[in-house]
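Engineer: Dropping in structure-v7.csv, with CSV, C-alpha atoms and all ligand atoms.
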chain,number,residue,atom,x,y,z
A,1,MET,CA,0.0,0.0,0.0
A,2,LYS,CA,1.2,3.5,-0.9
A,3,ILE,CA,-0.7,6.6,0.2
A,4,TYR,CA,0.6,10.0,-0.5
A,5,LEU,CA,-0.7,12.8,1.7
A,6,ASP,CA,2.2,15.2,1.3
A,7,ASN,CA,0.9,17.3,-1.6
A,8,ALA,CA,2.1,20.6,-0.1
A,9,ALA,CA,5.6,19.3,-0.6
A,10,THR,CA,5.0,18.3,-4.1
A,11,THR,CA,2.2,16.8,-6.2
A,12,PRO,CA,2.2,13.9,-8.7
A,13,LEU,CA,2.4,14.9,-12.3
A,14,ALA,CA,-1.0,14.7,-14.0
A,15,PRO,CA,-1.0,12.2,-16.8
A,16,GLU,CA,-2.5,14.8,-19.2
A,17,VAL,CA,0.4,17.1,-18.3
A,18,LEU,CA,3.0,14.4,-19.2
A,19,GLU,CA,1.2,13.8,-22.5
A,20,ALA,CA,1.4,17.5,-23.3
A,21,MET,CA,5.1,17.6,-22.5
A,22,LEU,CA,6.2,14.5,-24.4
A,23,PRO,CA,6.4,16.0,-27.9
A,24,PHE,CA,8.7,18.7,-26.6
A,25,PHE,CA,11.2,16.0,-25.5
A,26,SER,CA,11.0,14.0,-28.8
A,27,GLU,CA,10.0,15.8,-32.0
A,28,LYS,CA,9.8,19.5,-31.0
A,29,TYR,CA,13.2,19.8,-29.4
A,30,GLY,CA,14.4,23.0,-31.0
A,31,ASN,CA,16.2,25.7,-29.0
A,32,PRO,CA,13.8,28.6,-28.8
A,33,SER,CA,16.6,31.0,-29.6
A,34,SER,CA,17.4,29.3,-33.0
A,35,ILE,CA,16.0,31.1,-36.0
A,36,HIS,CA,15.2,27.9,-38.0
A,37,GLN,CA,11.8,26.2,-38.0
A,38,PHE,CA,12.6,24.0,-34.9
A,39,GLY,CA,13.6,27.0,-33.0
A,40,ARG,CA,10.6,29.1,-34.1
A,41,GLU,CA,8.2,26.2,-33.2
A,42,ALA,CA,9.7,26.1,-29.7
A,43,LYS,CA,9.6,29.8,-29.3
A,44,ALA,CA,6.0,30.0,-30.4
A,45,ALA,CA,5.0,27.3,-27.9
A,46,ILE,CA,6.6,29.2,-25.1
A,47,GLU,CA,4.9,32.5,-26.0
A,48,LYS,CA,1.6,30.7,-26.3
A,49,ALA,CA,2.1,29.3,-22.8
A,50,ARG,CA,3.1,32.7,-21.4
A,51,LYS,CA,0.0,34.3,-22.9
A,52,SER,CA,-2.3,31.6,-21.5
A,53,ILE,CA,-0.7,31.9,-18.0
A,54,ALA,CA,-1.0,35.7,-18.0
A,55,GLN,CA,-4.7,35.4,-19.0
A,56,MET,CA,-5.4,33.0,-16.1
A,57,LEU,CA,-4.1,35.7,-13.7
A,58,ASN,CA,-5.4,38.7,-15.6
A,59,ALA,CA,-1.9,40.0,-16.2
A,60,ALA,CA,-0.1,41.0,-19.4
A,61,PRO,CA,2.2,38.4,-21.0
A,62,ALA,CA,5.1,40.9,-20.7
A,63,GLU,CA,4.7,40.7,-16.9
A,64,ILE,CA,5.3,37.0,-16.7
A,65,PHE,CA,8.9,35.6,-16.7
A,66,PHE,CA,9.6,31.9,-16.4
A,67,THR,CA,12.0,30.9,-13.6
A,68,SER,CA,12.9,27.6,-12.0
A,69,GLY,CA,10.3,28.0,-9.3
A,70,GLY,CA,9.3,29.7,-6.0
A,71,THR,CA,12.8,29.8,-4.5
A,72,GLU,CA,14.4,31.5,-7.5
A,73,THR,CA,11.6,34.0,-7.8
A,74,ALA,CA,11.8,35.0,-4.1
A,75,ASN,CA,15.6,35.4,-4.4
A,76,LEU,CA,15.2,37.5,-7.6
A,77,VAL,CA,12.6,39.8,-6.2
A,78,ILE,CA,14.1,40.4,-2.8
A,79,GLN,CA,17.7,40.7,-4.1
A,80,ARG,CA,16.9,43.0,-7.0
A,81,VAL,CA,14.4,45.5,-5.3
A,82,ILE,CA,17.3,47.0,-3.3
A,83,ASP,CA,19.3,48.3,-6.3
A,84,ASP,CA,16.5,48.6,-8.8
A,85,LEU,CA,13.7,50.1,-6.7
A,86,GLY,CA,15.7,51.7,-3.9
A,87,VAL,CA,14.2,49.5,-1.2
A,88,THR,CA,15.9,49.8,2.2
A,89,ARG,CA,13.4,48.1,4.5
A,90,VAL,CA,11.5,44.8,4.4
A,91,ILE,CA,8.4,44.0,6.4
A,92,THR,CA,7.7,40.2,6.6
A,93,SER,CA,6.5,37.6,9.0
A,94,ARG,CA,8.3,34.8,10.9
A,95,ILE,CA,6.3,32.1,9.2
A,96,GLU,CA,7.3,32.8,5.6
A,97,HIS,CA,8.9,30.1,3.6
A,98,HIS,CA,12.7,29.8,4.0
A,99,CYS,CA,13.2,31.0,0.4
A,100,VAL,CA,11.9,34.4,1.6
A,101,LEU,CA,13.4,34.4,5.2
A,102,HIS,CA,16.8,33.1,4.3
A,103,THR,CA,17.1,35.5,1.3
A,104,ILE,CA,16.2,38.4,3.6
A,105,GLU,CA,18.7,37.1,6.2
A,106,SER,CA,21.5,37.1,3.6
A,107,LEU,CA,20.8,40.8,3.0
A,108,TYR,CA,20.7,42.0,6.7
A,109,CYS,CA,23.6,44.4,6.0
A,110,ARG,CA,21.6,46.2,3.3
A,111,LEU,CA,18.0,45.9,4.5
A,112,LYS,CA,16.3,46.9,7.7
A,113,VAL,CA,14.0,44.0,8.6
A,114,GLU,CA,10.7,44.2,10.6
A,115,PHE,CA,8.4,41.4,11.5
A,116,VAL,CA,4.7,41.9,11.6
A,117,GLU,CA,2.9,40.5,14.7
A,118,LEU,CA,0.9,37.2,14.4
A,119,ASP,CA,-1.9,36.0,16.5
A,120,ALA,CA,-1.7,32.6,18.3
A,121,SER,CA,-3.0,30.8,15.1
A,122,GLY,CA,-0.5,32.5,12.9
A,123,ASN,CA,-2.7,35.2,11.3
A,124,VAL,CA,-1.2,38.6,10.4
A,125,ASN,CA,-2.1,41.5,12.7
A,126,TYR,CA,-3.1,44.0,10.0
A,127,GLU,CA,-3.2,46.9,12.5
A,128,HIS,CA,0.4,46.2,13.4
A,129,LEU,CA,1.3,46.0,9.7
A,130,GLU,CA,-0.3,49.5,9.2
A,131,LYS,CA,1.7,50.8,12.2
A,132,LEU,CA,4.9,49.5,10.7
A,133,LEU,CA,4.1,51.0,7.3
A,134,ALA,CA,2.8,54.3,8.6
A,135,PRO,CA,6.0,56.3,8.9
A,136,GLY,CA,6.3,56.0,5.2
A,137,ILE,CA,9.8,57.4,5.1
A,138,GLU,CA,11.8,54.4,3.8
A,139,LYS,CA,11.2,52.6,0.6
A,140,THR,CA,9.7,49.4,1.8
A,141,LEU,CA,9.0,45.9,0.5
A,142,VAL,CA,6.3,43.9,2.2
A,143,CYS,CA,6.8,40.1,1.9
A,144,LEU,CA,3.7,38.2,3.0
A,145,MET,CA,2.7,34.9,1.6
A,146,TYR,CA,-0.8,34.2,0.3
A,147,ALA,CA,-1.0,30.7,1.9
A,148,ASN,CA,1.3,29.1,4.4
A,149,ASN,CA,2.8,25.8,3.3
A,150,GLU,CA,3.0,24.3,6.8
A,151,ILE,CA,-0.2,25.4,8.5
A,152,GLY,CA,-2.3,26.4,5.5
A,153,ASN,CA,-3.2,29.9,6.8
A,154,ILE,CA,-4.4,32.3,4.2
A,155,THR,CA,-3.5,36.0,4.3
A,156,ASN,CA,-5.8,38.7,3.1
A,157,ILE,CA,-3.6,39.9,0.3
A,158,GLU,CA,-6.2,42.4,-0.9
A,159,ARG,CA,-6.0,44.1,2.5
A,160,VAL,CA,-2.2,44.0,2.5
A,161,GLY,CA,-2.2,45.4,-1.0
A,162,GLU,CA,-4.5,48.3,0.0
A,163,LEU,CA,-2.2,49.1,2.9
A,164,CYS,CA,0.8,49.0,0.6
A,165,LYS,CA,-0.9,51.3,-1.8
A,166,LYS,CA,-1.8,53.8,1.0
A,167,TYR,CA,1.8,53.9,2.3
A,168,GLN,CA,3.5,53.5,-1.2
A,169,ALA,CA,5.2,50.3,-0.3
A,170,TYR,CA,6.1,47.5,-2.8
A,171,PHE,CA,4.3,44.2,-2.2
A,172,PHE,CA,5.7,40.7,-2.9
A,173,SER,CA,3.4,37.8,-2.1
A,174,ASP,CA,4.7,34.2,-2.2
A,175,THR,CA,1.7,32.6,-3.9
A,176,VAL,CA,3.3,29.2,-4.5
A,177,GLN,CA,0.7,27.3,-2.5
A,178,ALA,CA,-2.2,29.4,-3.9
A,179,ILE,CA,-1.6,29.5,-7.7
A,180,ALA,CA,-3.9,27.0,-9.4
A,181,HIS,CA,-5.7,26.5,-6.1
A,182,TYR,CA,-7.4,29.9,-5.9
A,183,LEU,CA,-8.4,32.5,-8.5
A,184,ILE,CA,-6.1,35.4,-8.4
A,185,ASP,CA,-7.1,38.5,-10.4
A,186,LEU,CA,-4.0,40.7,-10.6
A,187,GLN,CA,-6.1,43.6,-11.8
A,188,LYS,CA,-7.9,43.6,-8.5
A,189,VAL,CA,-5.1,43.1,-6.0
A,190,ASN,CA,-2.4,45.7,-5.5
A,191,VAL,CA,0.6,43.4,-5.6
A,192,HIS,CA,3.8,44.0,-7.5
A,193,PHE,CA,5.3,40.6,-7.5
A,194,ILE,CA,4.0,37.1,-7.1
A,195,SER,CA,5.6,33.6,-7.5
A,196,GLY,CA,4.4,30.3,-8.9
A,197,SER,CA,5.8,26.8,-8.9
A,198,ALA,CA,4.4,24.1,-11.2
A,199,HIS,CA,5.1,21.1,-9.0
A,200,LYS,CA,2.6,22.3,-6.4
A,201,PHE,CA,-0.3,21.8,-8.9
A,202,HIS,CA,0.5,18.6,-10.7
A,203,GLY,CA,3.0,20.1,-13.0
A,204,PRO,CA,6.7,19.3,-13.4
A,205,LYS,CA,9.4,20.2,-10.9
A,206,GLY,CA,12.0,23.0,-11.6
A,207,ILE,CA,9.7,25.4,-13.4
A,208,GLY,CA,7.8,28.4,-12.1
A,209,PHE,CA,7.3,32.0,-12.8
A,210,VAL,CA,7.6,35.5,-11.4
A,211,TYR,CA,4.9,38.1,-12.1
A,212,MET,CA,6.4,41.6,-12.1
A,213,ARG,CA,4.0,44.4,-12.5
A,214,SER,CA,4.8,46.7,-15.4
A,215,ASP,CA,5.5,49.6,-13.0
A,216,ALA,CA,7.9,47.6,-10.9
A,217,MET,CA,10.2,46.0,-13.4
A,218,LEU,CA,13.5,44.7,-12.0
A,219,LYS,CA,16.9,44.1,-13.7
A,220,PRO,CA,18.0,40.6,-14.5
A,221,MET,CA,19.7,38.4,-11.9
A,222,LEU,CA,21.1,36.0,-14.5
A,223,HIS,CA,23.1,37.3,-17.4
A,224,GLY,CA,23.9,35.6,-20.7
A,225,GLY,CA,22.0,34.9,-23.9
A,226,SER,CA,19.2,37.4,-23.2
A,227,GLN,CA,16.3,34.9,-23.0
A,228,GLU,CA,13.1,35.9,-21.3
A,229,ARG,CA,13.5,39.4,-22.8
A,230,ASN,CA,16.8,39.6,-21.1
A,231,MET,CA,15.3,39.1,-17.6
A,232,ARG,CA,16.5,35.6,-17.1
A,233,SER,CA,19.2,34.2,-19.4
A,234,GLY,CA,19.6,30.5,-20.0
A,235,THR,CA,18.0,28.2,-22.5
A,236,GLU,CA,14.4,27.9,-21.6
A,237,ASN,CA,12.9,24.8,-19.8
A,238,ILE,CA,10.4,24.4,-22.6
A,239,THR,CA,9.0,21.0,-21.5
A,240,GLY,CA,8.6,22.5,-18.0
A,241,ILE,CA,6.9,25.6,-19.4
A,242,ILE,CA,4.5,23.5,-21.5
A,243,GLY,CA,3.7,21.3,-18.5
A,244,MET,CA,3.1,24.2,-16.2
A,245,GLU,CA,0.7,25.8,-18.6
A,246,LYS,CA,-1.2,22.6,-19.0
A,247,ALA,CA,-1.3,21.9,-15.3
A,248,MET,CA,-2.5,25.4,-14.5
A,249,GLY,CA,-5.1,25.3,-17.2
A,250,MET,CA,-6.5,22.0,-15.9
A,251,ALA,CA,-6.5,23.2,-12.3
A,252,TYR,CA,-8.4,26.4,-13.1
A,253,THR,CA,-10.9,24.6,-15.3
A,254,LYS,CA,-11.7,22.1,-12.5
A,255,LEU,CA,-11.2,24.5,-9.6
A,256,ASN,CA,-14.7,24.4,-8.1
A,257,GLU,CA,-15.1,20.7,-8.4
A,258,ASP,CA,-11.5,19.9,-7.1
A,259,SER,CA,-11.6,22.4,-4.2
A,260,LYS,CA,-14.9,21.1,-2.9
A,261,TYR,CA,-13.8,17.5,-3.2
A,262,ILE,CA,-10.4,18.2,-1.5
A,263,GLN,CA,-12.0,20.3,1.3
A,264,SER,CA,-14.5,17.4,1.9
A,265,LEU,CA,-11.5,14.9,2.3
A,266,LYS,CA,-9.8,17.2,4.7
A,267,GLU,CA,-13.0,17.6,6.8
A,268,TYR,CA,-13.8,13.9,6.7
A,269,PHE,CA,-10.2,13.1,7.8
A,270,PHE,CA,-10.3,15.5,10.7
A,271,GLN,CA,-13.6,14.3,12.0
A,272,LYS,CA,-12.5,10.6,11.8
A,273,LEU,CA,-9.2,11.5,13.5
A,274,LYS,CA,-11.1,13.3,16.3
A,275,GLU,CA,-13.2,10.3,16.9
A,276,ILE,CA,-10.2,8.2,17.7
A,277,LEU,CA,-8.0,10.9,19.3
A,278,PRO,CA,-10.3,13.5,20.9
A,279,ASP,CA,-7.3,15.6,22.1
A,280,ILE,CA,-5.9,16.5,18.7
A,281,ARG,CA,-5.8,20.1,17.8
A,282,VAL,CA,-5.2,22.0,14.6
A,283,ASN,CA,-2.1,24.2,14.1
A,284,GLY,CA,-3.2,27.4,12.3
A,285,ASN,CA,-6.7,28.0,11.1
A,286,TYR,CA,-9.2,25.3,10.4
A,287,GLU,CA,-12.6,26.6,9.4
A,288,HIS,CA,-11.8,29.9,7.8
A,289,ASN,CA,-8.8,31.3,5.9
A,290,SER,CA,-7.2,28.0,5.5
A,291,LEU,CA,-6.0,26.1,2.5
A,292,TYR,CA,-8.3,23.3,1.6
A,293,THR,CA,-5.3,21.2,0.8
A,294,VAL,CA,-3.5,21.4,4.2
A,295,LEU,CA,-4.3,20.1,7.6
A,296,ASN,CA,-1.6,20.5,10.3
A,297,VAL,CA,-2.5,18.3,13.3
A,298,SER,CA,-1.1,18.7,16.8
A,299,PHE,CA,-1.2,15.3,18.5
A,300,PRO,CA,-1.5,14.5,22.2
A,301,PRO,CA,1.8,14.6,24.0
A,302,SER,CA,2.4,10.8,23.9
A,303,ASP,CA,2.0,10.7,20.1
A,304,LYS,CA,5.0,12.6,18.9
A,305,GLY,CA,4.8,13.8,15.4
A,306,ASP,CA,8.1,12.3,14.2
A,307,PHE,CA,7.1,9.0,15.8
A,308,LEU,CA,4.0,9.1,13.7
A,309,VAL,CA,5.7,10.2,10.5
A,310,TYR,CA,8.3,7.4,10.7
A,311,ASN,CA,5.8,4.7,11.5
A,312,LEU,CA,3.3,5.8,9.0
A,313,ASP,CA,6.1,5.7,6.4
A,314,ILE,CA,6.8,2.1,7.4
A,315,SER,CA,3.1,1.4,6.6
A,316,GLY,CA,3.4,3.1,3.2
A,317,ILE,CA,1.8,6.4,4.2
A,318,SER,CA,3.7,9.6,3.3
A,319,VAL,CA,3.1,12.6,5.4
A,320,SER,CA,5.2,15.4,6.7
A,321,ALA,CA,6.4,16.6,10.1
A,322,GLY,CA,6.4,20.4,9.7
A,323,SER,CA,7.6,21.3,6.2
A,324,ALA,CA,9.2,18.9,3.8
A,325,CYS,CA,10.5,22.0,1.9
A,326,ALA,CA,13.4,22.0,4.5
A,327,SER,CA,13.9,18.3,4.2
A,328,GLY,CA,17.1,16.8,5.5
A,329,SER,CA,17.2,19.1,8.5
A,330,ASP,CA,15.6,18.1,11.8
A,331,ALA,CA,15.9,21.6,13.2
A,332,GLY,CA,12.1,21.7,13.7
A,333,SER,CA,9.6,23.9,12.1
A,334,HIS,CA,10.2,27.6,12.3
A,335,VAL,CA,6.5,28.1,11.7
A,336,LEU,CA,5.4,26.1,14.7
A,337,LYS,CA,8.1,27.7,16.8
A,338,ALA,CA,6.8,31.2,15.9
A,339,LEU,CA,3.3,30.0,16.9
A,340,HIS,CA,4.7,28.8,20.3
A,341,ALA,CA,3.4,25.3,19.7
A,342,PRO,CA,3.9,23.2,22.8
A,343,PRO,CA,7.1,21.3,22.3
A,344,ASP,CA,5.8,18.1,23.9
A,345,ARG,CA,3.0,17.8,21.2
A,346,GLY,CA,4.1,16.3,17.9
A,347,SER,CA,2.7,17.9,14.7
A,348,VAL,CA,2.0,16.3,11.4
A,349,ARG,CA,1.1,18.0,8.1
A,350,PHE,CA,-1.4,16.1,6.0
A,351,SER,CA,-1.9,17.6,2.6
A,352,PHE,CA,-4.4,16.4,0.0
A,353,SER,CA,-4.9,16.5,-3.7
A,354,ARG,CA,-7.6,15.6,-6.3
A,355,TYR,CA,-6.0,12.2,-6.6
A,356,ASN,CA,-6.6,11.2,-3.0
A,357,THR,CA,-9.6,9.1,-2.1
A,358,LYS,CA,-11.9,8.6,0.9
A,359,GLU,CA,-10.7,5.0,1.1
A,360,GLU,CA,-7.1,6.3,1.5
A,361,VAL,CA,-8.2,8.6,4.2
A,362,ASP,CA,-9.9,5.7,6.0
A,363,GLU,CA,-6.7,3.7,5.7
A,364,VAL,CA,-4.6,6.5,7.2
A,365,VAL,CA,-7.0,6.9,10.1
A,366,LYS,CA,-6.9,3.2,10.7
A,367,ALA,CA,-3.1,3.2,10.7
A,368,ILE,CA,-2.9,6.1,13.1
A,369,SER,CA,-5.4,4.4,15.4
A,370,GLU,CA,-3.3,1.2,15.5
A,371,LEU,CA,-0.1,3.2,16.2
A,372,ALA,CA,-1.8,5.2,19.0
A,373,GLU,CA,-3.0,1.9,20.5
A,374,LYS,CA,0.5,0.4,20.3
A,375,ARG,CA,1.9,3.4,21.9
A,376,ARG,CA,-0.6,3.3,24.7
A,377,GLU,CA,0.5,-0.3,25.3
A,378,ILE,CA,4.1,0.6,25.6
A,379,TYR,CA,3.6,3.4,28.1
A,401,LIG,N1,7.1,29.1,-1.2
A,401,LIG,C1,6.3,28.2,-0.7
A,401,LIG,C2,5.1,28.7,0.1
A,401,LIG,C3,6.5,26.8,-0.8
A,401,LIG,O1,5.6,26.0,-0.3
A,401,LIG,C4,7.6,26.4,-1.6
A,401,LIG,C5,7.8,24.9,-1.7
A,401,LIG,O2,8.8,24.4,-1.6
A,401,LIG,C6,8.4,27.3,-2.1
A,401,LIG,C7,8.2,28.7,-1.9
A,401,LIG,C8,9.6,27.0,-3.0
A,401,LIG,O3,9.2,26.6,-4.3
A,401,LIG,P1,10.1,25.8,-5.2
A,401,LIG,O4,10.1,24.4,-4.8
A,401,LIG,O5,9.5,25.9,-6.6
A,401,LIG,O6,11.5,26.4,-5.2
Written as structure tokens, how would this file's structure read?
Structural biologist:
Amino acid sequence: MKIYLDNAATTPLAPEVLEAMLPFFSEKYGNPSSIHQFGREAKAAIEKARKSIAQMLNAAPAEIFFTSGGTETANLVIQRVIDDLGVTRVITSRIEHHCVLHTIESLYCRLKVEFVELDASGNVNYEHLEKLLAPGIEKTLVCLMYANNEIGNITNIERVGELCKKYQAYFFSDTVQAIAHYLIDLQKVNVHFISGSAHKFHGPKGIGFVYMRSDAMLKPMLHGGSQERNMRSGTENITGIIGMEKAMGMAYTKLNEDSKYIQSLKEYFFQKLKEILPDIRVNGNYEHNSLYTVLNVSFPPSDKGDFLVYNLDISGISVSAGSACASGSDAGSHVLKALHAPPDRGSVRFSFSRYNTKEEVDEVVKAISELAEKRREIY
């Protein structure tokens, strides 16, 4: 038995996406920079994908640049805003993804950093954000993610955008967990930069994009052959780009159906889990402002998260303790630490996709129940 409930770390490639990508490995292998027909065919396919992705977000194609994913985009934006837009201060939160926090950390000597307050569930204190923005003296970049990859909390990016407009700050939102899961209309939100990563929505790994609003264009971080209108040199990941467009298109076409289905799995799982372990809690939000794909469960003190993760893995069930995005380190989750989660309670992130089933959820509940029983026998 193999059950995959770690879709916030990465998702399986949709078969239709693979199908769309295959010709670009075999027959349509031209370098998009070549002027012959192979090159022109490849170039046209890339531009078609860019246009389509821009349309899905209500942006202009010229505002979309392909990158290798969320990490590269965050590095590009945070590093370049200093020299290109004169930013000297960053306002962020302690629960951002490490690609944001570590990039900011690497620039401590050039950027003043301020952290917005969070409530006990990890929600942004918007009044505090306004207080931080209000002096309005320094050129500021606000970095607040749309949806948290560990606890699933959703930030009101419309509200953040309005505050940024009022105090003339730039706004970068890491939207990696939200793209293709929520509709984002870039004409309605005041955001200058967002990021996307295809492997979070059944597309391939190593491909993503940055949206740069036309009035906040940055200079390139990678220099070379002038690809991506000189924004990001390097031969394009054409199979990735084709796959990302296909995956995003599929996701937005089936958004209502998929989101309802996945939300129902999440709720069913939580109810069933509560029946066997009444003392479980949710880290972050549950009912409102929470990703329908993510459920971060805090287990009773005797059922340590890592004990569960390892033992579920032995049973063929893949879940995550904290965030798999920092895999290989057992430093513990910076998000749960920021929320002052009790250290004696173990936490596990379960994350769902359209490919999970109710039967799988039942299997996982059964496995957890058996493990909890075993654990009770030992102690
Ligand atoms: N931001 C968030 C919220 C994420 O969940 C991830 C996932 O790892 C990233 C950024 C990094 O994206 P990528 O894997 O494309 O570098």
Engineer: If you count all atoms listed in the file, which residues fall within 12 Å of Lys165 of chain A, apart from same-chain ones fewer than 2 positions away, as a PDB file with C-alpha atoms, keeping the file's coordinate frame?
Structural biologist:
ATOM      1  CA  GLU A 130      -0.300  49.500   9.200  1.00  0.00           C
ATOM      2  CA  LEU A 133       4.100  51.000   7.300  1.00  0.00           C
ATOM      3  CA  ALA A 134       2.800  54.300   8.600  1.00  0.00           C
ATOM      4  CA  GLY A 136       6.300  56.000   5.200  1.00  0.00           C
ATOM      5  CA  THR A 140       9.700  49.400   1.800  1.00  0.00           C
ATOM      6  CA  LEU A 141       9.000  45.900   0.500  1.00  0.00           C
ATOM      7  CA  VAL A 142       6.300  43.900   2.200  1.00  0.00           C
ATOM      8  CA  ILE A 157      -3.600  39.900   0.300  1.00  0.00           C
ATOM      9  CA  GLU A 158      -6.200  42.400  -0.900  1.00  0.00           C
ATOM     10  CA  ARG A 159      -6.000  44.100   2.500  1.00  0.00           C
ATOM     11  CA  VAL A 160      -2.200  44.000   2.500  1.00  0.00           C
ATOM     12  CA  GLY A 161      -2.200  45.400  -1.000  1.00  0.00           C
ATOM     13  CA  GLU A 162      -4.500  48.300   0.000  1.00  0.00           C
ATOM     14  CA  LEU A 163      -2.200  49.100   2.900  1.00  0.00           C
ATOM     15  CA  TYR A 167       1.800  53.900   2.300  1.00  0.00           C
ATOM     16  CA  GLN A 168       3.500  53.500  -1.200  1.00  0.00           C
ATOM     17  CA  ALA A 169       5.200  50.300  -0.300  1.00  0.00           C
ATOM     18  CA  TYR A 170       6.100  47.500  -2.800  1.00  0.00           C
ATOM     19  CA  PHE A 171       4.300  44.200  -2.200  1.00  0.00           C
ATOM     20  CA  VAL A 189      -5.100  43.100  -6.000  1.00  0.00           C
ATOM     21  CA  ASN A 190      -2.400  45.700  -5.500  1.00  0.00           C
ATOM     22  CA  VAL A 191       0.600  43.400  -5.600  1.00  0.00           C
ATOM     23  CA  HIS A 192       3.800  44.000  -7.500  1.00  0.00           C
TER      24      HIS A 192
END
Engineer: Name the closest residue to Leu183 of chain A among the candidates A:Tyr211, A:Phe299, A:Tyr252, A:Phe115; distances are taken between atoms, counting all atoms listed in the file.
Structural biologist: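 Nearest candidate to Leu183 of chain A out of A:Tyr211, A:Phe299, A:Tyr252, A:Phe115: A:Tyr252.
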Engineer: Enumerate residues in contact with ligand LIG 401 (chain A): an atom-to-atom distance of at most 7 Å, counting only C-alpha atoms and all ligand atoms. Format the result as a ChimeraX atom specification.
Structural biologist: /A:8-9,68-72,97,99,145,147-149,174-177,197,199,206-208,325
Engineer: Per residue of segment 199-315 of chain A within 12 Å of segment 339-348 of chain A, what are the shortest atom pair and its distance in Å to one decimal, counting all atoms listed in the file, with rows by chain and residue number, as a tab-separated table?
Structural biologist:
residue	atom	partner	partner_atom	distance
A:Asp279	CA	A:Arg345	CA	10.6
A:Ile280	CA	A:Arg345	CA	9.3
A:Arg281	CA	A:Ser347	CA	9.3
A:Val282	CA	A:Ser347	CA	8.9
A:Asn283	CA	A:Ala341	CA	7.9
A:Gly284	CA	A:Leu339	CA	8.4
A:Asn285	CA	A:Leu339	CA	11.7
A:Val294	CA	A:Val348	CA	10.4
A:Leu295	CA	A:Val348	CA	8.3
A:Asn296	CA	A:Val348	CA	5.6
A:Val297	CA	A:Val348	CA	5.3
A:Ser298	CA	A:Ser347	CA	4.4
A:Phe299	CA	A:Gly346	CA	5.4
A:Pro300	CA	A:Arg345	CA	5.7
A:Pro301	CA	A:Arg345	CA	4.4
A:Ser302	CA	A:Arg345	CA	7.5
A:Asp303	CA	A:Gly346	CA	6.4
A:Lys304	CA	A:Gly346	CA	3.9
A:Gly305	CA	A:Gly346	CA	3.6
A:Asp306	CA	A:Gly346	CA	6.8
A:Phe307	CA	A:Gly346	CA	8.2
A:Leu308	CA	A:Val348	CA	7.8
A:Val309	CA	A:Val348	CA	7.2
A:Tyr310	CA	A:Val348	CA	10.9
A:Leu312	CA	A:Val348	CA	10.8
Engineer: Would you save the residues from that selection as a PDB file, keeping the file's coordinate frame, using C-alpha atoms?
Structural biologist:
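out_28.pdb, written as the output of this step:
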ATOM      1  CA  ASP A 279      -7.300  15.600  22.100  1.00  0.00           C
ATOM      2  CA  ILE A 280      -5.900  16.500  18.700  1.00  0.00           C
ATOM      3  CA  ARG A 281      -5.800  20.100  17.800  1.00  0.00           C
ATOM      4  CA  VAL A 282      -5.200  22.000  14.600  1.00  0.00           C
ATOM      5  CA  ASN A 283      -2.100  24.200  14.100  1.00  0.00           C
ATOM      6  CA  GLY A 284      -3.200  27.400  12.300  1.00  0.00           C
ATOM      7  CA  ASN A 285      -6.700  28.000  11.100  1.00  0.00           C
ATOM      8  CA  VAL A 294      -3.500  21.400   4.200  1.00  0.00           C
ATOM      9  CA  LEU A 295      -4.300  20.100   7.600  1.00  0.00           C
ATOM     10  CA  ASN A 296      -1.600  20.500  10.300  1.00  0.00           C
ATOM     11  CA  VAL A 297      -2.500  18.300  13.300  1.00  0.00           C
ATOM     12  CA  SER A 298      -1.100  18.700  16.800  1.00  0.00           C
ATOM     13  CA  PHE A 299      -1.200  15.300  18.500  1.00  0.00           C
ATOM     14  CA  PRO A 300      -1.500  14.500  22.200  1.00  0.00           C
ATOM     15  CA  PRO A 301       1.800  14.600  24.000  1.00  0.00           C
ATOM     16  CA  SER A 302       2.400  10.800  23.900  1.00  0.00           C
ATOM     17  CA  ASP A 303       2.000  10.700  20.100  1.00  0.00           C
ATOM     18  CA  LYS A 304       5.000  12.600  18.900  1.00  0.00           C
ATOM     19  CA  GLY A 305       4.800  13.800  15.400  1.00  0.00           C
ATOM     20  CA  ASP A 306       8.100  12.300  14.200  1.00  0.00           C
ATOM     21  CA  PHE A 307       7.100   9.000  15.800  1.00  0.00           C
ATOM     22  CA  LEU A 308       4.000   9.100  13.700  1.00  0.00           C
ATOM     23  CA  VAL A 309       5.700  10.200  10.500  1.00  0.00           C
ATOM     24  CA  TYR A 310       8.300   7.400  10.700  1.00  0.00           C
ATOM     25  CA  LEU A 312       3.300   5.800   9.000  1.00  0.00           C
TER      26      LEU A 312
END
Engineer: Using all atoms listed in the file, find the one residue out of A:Val100, A:Leu336, A:Ile317, A:Val116 that sits nearest to Lys2 of chain A.
Structural biologist: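 Closest to Lys2 of chain A of all the choices is A:Ile317.
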Engineer: Looking at A:Glu19, A:Asp83, A:Glu27, A:Asp362, which one is nearest to Lys219 of chain A, with distances taken over only C-alpha atoms?
Structural biologist: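 Of A:Glu19, A:Asp83, A:Glu27, A:Asp362, the one nearest Lys219 of chain A is A:Asp83, counting only C-alpha atoms.
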Engineer: Taking into account only C-alpha atoms, which residue in the set A:Ile46, A:Ile104, A:Cys143, A:Ala59 is nearest to Ile91 of chain A?
Structural biologist: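 Nearest candidate to Ile91 of chain A out of A:Ile46, A:Ile104, A:Cys143, A:Ala59: A:Cys143.
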Engineer: If I take atom CA of Ser290 of chain A and atom CA of Leu129 of chain A, how far is one from the other in Å, to one decimal?
Structural biologist: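 About the pair atom CA of Ser290 of chain A and atom CA of Leu129 of chain A: they are 20.3 Å apart.
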Engineer: Using only C-alpha atoms, pick whichever of A:Glu117, A:Glu245, A:Asp6, A:Asp185 has the shortest atom-to-atom distance to Lys51 of chain A.
Structural biologist: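 Smallest distance to Lys51 of chain A is found for A:Glu245.
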